$ cat model_5.cif   # mmCIF, C-alpha atoms
data_my_file
loop_
_atom_site.group_PDB
_atom_site.id
_atom_site.type_symbol
_atom_site.label_atom_id
_atom_site.label_comp_id
_atom_site.auth_asym_id
_atom_site.auth_seq_id
_atom_site.Cartn_x
_atom_site.Cartn_y
_atom_site.Cartn_z
ATOM 1 C CA TYR A 1 160.605 234.858 97.717
ATOM 2 C CA LYS A 2 160.578 232.518 94.754
ATOM 3 C CA VAL A 3 157.212 231.244 93.619
ATOM 4 C CA ASN A 4 158.263 228.314 91.395
ATOM 5 C CA ARG A 5 154.750 228.042 90.062
ATOM 6 C CA ASP A 6 155.478 225.414 87.409
ATOM 7 C CA SER A 7 157.337 223.035 89.711
ATOM 8 C CA TYR A 8 154.613 223.394 92.373
ATOM 9 C CA LEU A 9 151.818 222.646 89.873
ATOM 10 C CA SER A 10 153.784 219.685 88.556
ATOM 11 C CA MET A 11 154.198 218.388 92.105
ATOM 12 C CA ILE A 12 150.453 218.464 92.939
ATOM 13 C CA ASP A 13 149.263 217.158 89.561
ATOM 14 C CA GLY A 14 147.659 213.749 90.160
ATOM 15 C CA VAL A 15 147.470 214.015 93.975
ATOM 16 C CA ILE A 16 144.394 212.274 95.405
ATOM 17 C CA PHE A 17 141.649 214.744 96.291
ATOM 18 C CA GLY A 18 139.348 213.778 99.171
ATOM 19 C CA GLU A 19 139.004 210.273 100.524
ATOM 20 C CA ASP A 20 140.370 207.331 98.563
ATOM 21 C CA PRO A 21 137.426 205.013 97.813
ATOM 22 C CA ARG A 22 139.886 202.149 97.278
ATOM 23 C CA GLN A 23 140.250 202.130 101.089
ATOM 24 C CA GLY A 24 136.511 201.812 101.626
ATOM 25 C CA PHE A 25 133.357 203.747 100.808
ATOM 26 C CA THR A 26 129.620 203.561 101.465
ATOM 27 C CA GLN A 27 126.734 203.563 99.058
ATOM 28 C CA SER A 28 123.054 202.903 99.784
ATOM 29 C CA GLY A 29 123.684 201.366 103.227
ATOM 30 C CA VAL A 30 126.548 199.109 102.154
ATOM 31 C CA PHE A 31 130.251 199.457 103.012
ATOM 32 C CA TYR A 32 132.550 198.438 100.145
ATOM 33 C CA HIS A 33 136.303 197.850 100.352
ATOM 34 C CA PRO A 34 137.636 197.441 96.786
ATOM 35 C CA ASP A 35 141.264 196.755 97.745
ATOM 36 C CA LEU A 36 140.349 193.949 100.177
ATOM 37 C CA LYS A 37 137.400 192.849 97.996
ATOM 38 C CA PHE A 38 134.628 192.613 100.581
ATOM 39 C CA SER A 39 131.387 194.348 101.440
ATOM 40 C CA PHE A 40 128.787 194.335 104.185
ATOM 41 C CA PRO A 41 125.506 196.145 104.816
ATOM 42 C CA TYR A 42 124.945 198.339 107.838
ATOM 43 C CA PRO A 43 121.779 199.814 109.357
ATOM 44 C CA SER A 44 120.633 202.761 107.233
ATOM 45 C CA ASN A 45 120.038 205.068 110.182
ATOM 46 C CA TRP A 46 123.498 204.451 111.690
ATOM 47 C CA GLN A 47 126.597 206.586 111.148
ATOM 48 C CA LEU A 48 129.730 204.932 109.719
ATOM 49 C CA VAL A 49 133.297 206.158 110.236
ATOM 50 C CA ASN A 50 136.034 204.459 108.224
ATOM 51 C CA SER A 51 139.673 204.674 109.344
ATOM 52 C CA PRO A 52 142.740 202.702 108.215
ATOM 53 C CA SER A 53 142.567 200.347 111.212
ATOM 54 C CA GLN A 54 138.816 199.886 111.742
ATOM 55 C CA VAL A 55 135.270 200.802 110.781
ATOM 56 C CA GLN A 56 132.960 202.127 113.500
ATOM 57 C CA ILE A 57 129.189 202.135 113.083
ATOM 58 C CA ALA A 58 126.738 203.553 115.625
ATOM 59 C CA PRO A 59 123.158 204.781 115.877
ATOM 60 C CA ASP A 60 122.563 208.476 116.611
ATOM 61 C CA ASN A 61 121.342 207.703 120.144
ATOM 62 C CA GLY A 62 124.769 206.280 121.096
ATOM 63 C CA LYS A 63 123.265 203.190 122.749
ATOM 64 C CA ALA A 64 125.179 200.672 120.632
ATOM 65 C CA LEU A 65 128.396 200.385 118.647
ATOM 66 C CA MET A 66 129.713 198.062 115.988
ATOM 67 C CA ILE A 67 133.428 197.869 115.308
ATOM 68 C CA PHE A 68 134.890 196.018 112.323
ATOM 69 C CA GLY A 69 138.574 195.351 111.726
ATOM 70 C CA GLY A 70 141.325 192.814 111.290
ATOM 71 C CA ALA A 71 141.917 190.053 113.829
ATOM 72 C CA GLU A 72 145.467 188.759 114.217
ATOM 73 C CA GLY A 73 146.042 185.035 114.509
ATOM 74 C CA ALA A 74 147.485 182.090 112.623
ATOM 75 C CA SER A 75 144.026 180.511 112.428
ATOM 76 C CA LEU A 76 140.494 181.776 112.928
ATOM 77 C CA LYS A 77 140.350 180.153 116.375
ATOM 78 C CA ASP A 78 143.698 181.728 117.335
ATOM 79 C CA ALA A 79 142.413 185.125 116.204
ATOM 80 C CA ALA A 80 139.227 184.721 118.241
ATOM 81 C CA ASP A 81 141.077 183.516 121.351
ATOM 82 C CA LYS A 82 143.669 186.322 121.164
ATOM 83 C CA ASN A 83 141.067 189.029 120.559
ATOM 84 C CA ILE A 84 138.830 187.810 123.393
ATOM 85 C CA SER A 85 141.825 187.668 125.737
ATOM 86 C CA ASP A 86 143.136 191.110 124.697
ATOM 87 C CA LEU A 87 139.719 192.685 125.311
ATOM 88 C CA GLN A 88 139.266 190.789 128.592
ATOM 89 C CA LEU A 89 135.924 189.383 127.530
ATOM 90 C CA THR A 90 134.109 186.678 129.481
ATOM 91 C CA VAL A 91 132.673 184.220 126.956
ATOM 92 C CA ILE A 92 129.032 183.222 127.451
ATOM 93 C CA SER A 93 128.716 181.085 124.293
ATOM 94 C CA SER A 94 130.676 180.324 121.147
ATOM 95 C CA LYS A 95 129.902 178.352 117.998
ATOM 96 C CA SER A 96 131.214 177.781 114.503
ATOM 97 C CA VAL A 97 129.009 179.223 111.759
ATOM 98 C CA THR A 98 129.188 179.944 108.046
ATOM 99 C CA VAL A 99 128.835 183.471 106.685
ATOM 100 C CA ASN A 100 128.159 183.480 102.935
ATOM 101 C CA GLY A 101 130.299 180.368 102.505
ATOM 102 C CA LEU A 102 133.087 181.666 104.776
ATOM 103 C CA GLN A 103 134.295 179.969 107.962
ATOM 104 C CA ALA A 104 133.289 182.019 111.017
ATOM 105 C CA ILE A 105 132.986 181.892 114.802
ATOM 106 C CA GLU A 106 130.101 183.628 116.595
ATOM 107 C CA VAL A 107 130.784 184.576 120.214
ATOM 108 C CA TYR A 108 128.555 186.132 122.881
ATOM 109 C CA SER A 109 130.445 187.611 125.822
ATOM 110 C CA LYS A 110 130.480 190.246 128.534
ATOM 111 C CA GLN A 111 133.047 192.851 129.426
ATOM 112 C CA ILE A 112 133.233 194.299 132.911
ATOM 113 C CA ALA A 113 135.141 197.536 133.396
ATOM 114 C CA GLN A 114 135.951 199.363 136.603
ATOM 115 C CA ASP A 115 136.156 203.158 136.802
ATOM 116 C CA GLN A 116 139.606 203.987 138.231
ATOM 117 C CA SER A 117 138.435 207.071 140.125
ATOM 118 C CA THR A 118 135.130 205.822 141.593
ATOM 119 C CA GLY A 119 135.677 202.074 141.667
ATOM 120 C CA GLN A 120 132.228 201.595 140.126
ATOM 121 C CA GLN A 121 131.839 198.658 137.749
ATOM 122 C CA SER A 122 130.056 198.803 134.420
ATOM 123 C CA GLU A 123 129.114 195.953 132.117
ATOM 124 C CA ILE A 124 128.530 195.666 128.390
ATOM 125 C CA ASP A 125 127.270 192.755 126.327
ATOM 126 C CA VAL A 126 129.259 191.883 123.217
ATOM 127 C CA LYS A 127 128.406 189.875 120.122
ATOM 128 C CA SER A 128 131.503 189.084 118.051
ATOM 129 C CA MET A 129 131.763 187.489 114.630
ATOM 130 C CA PHE A 130 135.214 186.299 113.584
ATOM 131 C CA ILE A 131 135.401 185.619 109.835
ATOM 132 C CA HIS A 132 138.209 184.031 107.833
ATOM 133 C CA TYR A 133 138.447 185.728 104.442
ATOM 134 C CA GLY A 134 141.213 185.581 101.867
ATOM 135 C CA ASN A 135 144.521 185.324 103.699
ATOM 136 C CA GLY A 136 143.302 186.977 106.886
ATOM 137 C CA ASN A 137 140.830 187.089 109.706
ATOM 138 C CA PHE A 138 138.331 189.847 110.398
ATOM 139 C CA VAL A 139 136.084 190.601 113.348
ATOM 140 C CA PHE A 140 132.867 192.462 114.044
ATOM 141 C CA HIS A 141 132.115 193.431 117.641
ATOM 142 C CA GLY A 142 128.601 194.623 118.420
ATOM 143 C CA VAL A 143 128.298 196.146 121.883
ATOM 144 C CA SER A 144 125.593 197.641 124.055
ATOM 145 C CA THR A 145 124.451 197.712 127.655
ATOM 146 C CA PRO A 146 122.711 194.584 128.989
ATOM 147 C CA ALA A 147 119.419 196.519 129.085
ATOM 148 C CA ASP A 148 119.599 197.526 125.394
ATOM 149 C CA PHE A 149 121.594 194.659 123.880
ATOM 150 C CA GLN A 150 118.718 192.463 122.643
ATOM 151 C CA SER A 151 117.165 195.355 120.738
ATOM 152 C CA TYR A 152 120.390 195.717 118.685
ATOM 153 C CA VAL A 153 121.223 192.053 117.956
ATOM 154 C CA SER A 154 119.272 192.043 114.667
ATOM 155 C CA SER A 155 121.165 195.160 113.535
ATOM 156 C CA PHE A 156 124.470 193.491 114.412
ATOM 157 C CA ASP A 157 123.393 190.335 112.554
ATOM 158 C CA LYS A 158 122.525 192.311 109.412
ATOM 159 C CA SER A 159 126.146 193.451 109.072
ATOM 160 C CA MET A 160 127.861 190.355 110.441
ATOM 161 C CA TYR A 161 125.938 187.833 108.369
ATOM 162 C CA GLY A 162 125.949 190.192 105.370
ATOM 163 C CA PHE A 163 129.763 190.162 105.057
ATOM 164 C CA LYS A 164 130.720 188.755 101.649
ATOM 165 C CA GLN A 165 133.215 188.792 98.834
ATOM 166 C CA LEU A 166 132.931 191.852 96.608
ATOM 167 C CA THR A 167 132.528 190.824 92.970
ATOM 168 C CA ASP A 168 130.726 193.839 91.460
ATOM 169 C CA ALA A 169 133.150 195.295 88.872
ATOM 170 C CA SER A 170 131.686 198.802 89.244
ATOM 171 C CA LYS A 171 132.661 198.756 92.941
ATOM 172 C CA LEU A 172 135.974 196.934 92.489
ATOM 173 C CA ASN A 173 137.174 199.354 89.806
ATOM 174 C CA VAL A 174 136.321 202.598 91.588
ATOM 175 C CA VAL A 175 139.121 205.185 91.426
ATOM 176 C CA PRO A 176 139.877 208.186 93.610
ATOM 177 C CA GLU A 177 139.463 211.748 92.388
ATOM 178 C CA ARG A 178 142.769 213.369 91.529
ATOM 179 C CA ILE A 179 143.847 216.955 91.073
ATOM 180 C CA LYS A 180 144.302 217.715 87.379
ATOM 181 C CA VAL A 181 146.516 220.679 86.536
#
$ encode --input "model_5.cif" --output "structure tokens"
Amino acid sequence: YKVNRDSYLSMIDGVIFGEDPRQGFTQSGVFYHPDLKFSFPYPSNWQLVNSPSQVQIAPDNGKALMIFGGAEGASLKDAADKNISDLQLTVISSKSVTVNGLQAIEVYSKQIAQDQSTGQQSEIDVKSMFIHYGNGNFVFHGVSTPADFQSYVSSFDKSMYGFKQLTDASKLNVVPERIKV
């Protein structure tokens, strides 16, 4: 077997080590996304999982969930309508709001699901915030059971209304760790 040590070391030199903070990172209860230039706070006792398509945030007790991601649509209203339709949500109320100077739509809705094997129905309450930012649309969905929903609305609001443009140079200029050979 040939080792080819030098060519192997040359190949891995500069490879990103660990997670790339340019794709999103957390610090002191705030999620930062340097490439898309936004940030938002999240509840300090909640766990955050960042993936390329969405951010999921949930308390340890599992009684609520916040999901943040992109929302497809030519306009903010189109994005909201498409997302609500795709998720089969029943809208309770909807209104236009402003989030840190950004156009947004706040929607309260319900989702009813039926278990295929038992036929039993379950219901969740959903608070959604659709935000137009840059050249795209984003959405937060905060979900919980009807019994627990009201106790989580303020936590949802903290993140949803805390969404803003990222201007802090120390966060915008963060770089990933790289292997140095």
$ closest_residue --input "model_5.cif" --among "A:Asn45, A:Ser10, A:Ser28, A:Gln56" --to "Ser155 of chain A" --atoms "only C-alpha atoms"
A:Asn45
$ closest_residue --input "model_5.cif" --among "A:Lys63, A:His33, A:Lys158, A:Arg5" --to "Val174 of chain A" --atoms "only C-alpha atoms"
A:His33
$ resolve_selection --input "model_5.cif" --expression "the PyMOL selection byres ((chain A and resi 137-144) around 9)" --output "ChimeraX atom specification"
/A:63-76,79-80,83,123-136,145-150,152-153,155-157,159-160
$ residues_around --input "model_5.cif" --residues "Ser51 of chain A" --least-positions-apart "2" --cutoff "10 Å" --atoms "all atoms listed in the file" --output "JSON, numbers by chain"
{"A": [23, 24, 48, 49, 53, 54, 55, 56, 69]}
$ residues_around --input "model_5.cif" --residues "Ser85 of chain A" --least-positions-apart "6" --cutoff "12 Å" --atoms "only C-alpha atoms" --output "ChimeraX atom specification"
/A:78-79,91,109-111
$ write_last_selection --input "model_5.cif" --atoms "C-alpha atoms" --output "mmCIF file, keeping the file's coordinate frame"
data_model
loop_
_atom_site.group_PDB
_atom_site.id
_atom_site.type_symbol
_atom_site.label_atom_id
_atom_site.label_comp_id
_atom_site.auth_asym_id
_atom_site.auth_seq_id
_atom_site.Cartn_x
_atom_site.Cartn_y
_atom_site.Cartn_z
ATOM 1 C CA ASP A 78 143.698 181.728 117.335
ATOM 2 C CA ALA A 79 142.413 185.125 116.204
ATOM 3 C CA VAL A 91 132.673 184.220 126.956
ATOM 4 C CA SER A 109 130.445 187.611 125.822
ATOM 5 C CA LYS A 110 130.480 190.246 128.534
ATOM 6 C CA GLN A 111 133.047 192.851 129.426
#
$ resolve_selection --input "model_5.cif" --expression "the PyMOL selection byres ((chain A and resi 38) around 7)" --output "list in words"
Tyr32, His33, Pro34, Leu36, Lys37, Ser39, Lys164, Gln165 and Leu166 of chain A
$ atom_distance --input "model_5.cif" --atom1 "atom CA of Leu172 of chain A" --atom2 "atom CA of Ala58 of chain A"
25.8 Å
$ atom_distance --input "model_5.cif" --atom1 "atom CA of Leu102 of chain A" --atom2 "atom CA of Leu89 of chain A"
24.2 Å
$ resolve_selection --input "model_5.cif" --expression "the PyMOL selection byres ((chain A and resi 96) around 7)" --output "number ranges by chain"
A: 95, 97, 104-106
$ write_last_selection --input "model_5.cif" --atoms "C-alpha atoms" --output "PDB file, in the frame of the given file"
ATOM      1  CA  LYS A  95     129.902 178.352 117.998  1.00  0.00           C
ATOM      2  CA  VAL A  97     129.009 179.223 111.759  1.00  0.00           C
ATOM      3  CA  ALA A 104     133.289 182.019 111.017  1.00  0.00           C
ATOM      4  CA  ILE A 105     132.986 181.892 114.802  1.00  0.00           C
ATOM      5  CA  GLU A 106     130.101 183.628 116.595  1.00  0.00           C
TER       6      GLU A 106
END
$ atom_distance --input "model_5.cif" --atom1 "atom CA of Val107 of chain A" --atom2 "atom CA of Gly62 of chain A"
22.5 Å
$ closest_residue --input "model_5.cif" --among "A:Phe163, A:Pro52, A:Ser44, A:Ile84" --to "Gln103 of chain A" --atoms "only C-alpha atoms"
A:Phe163
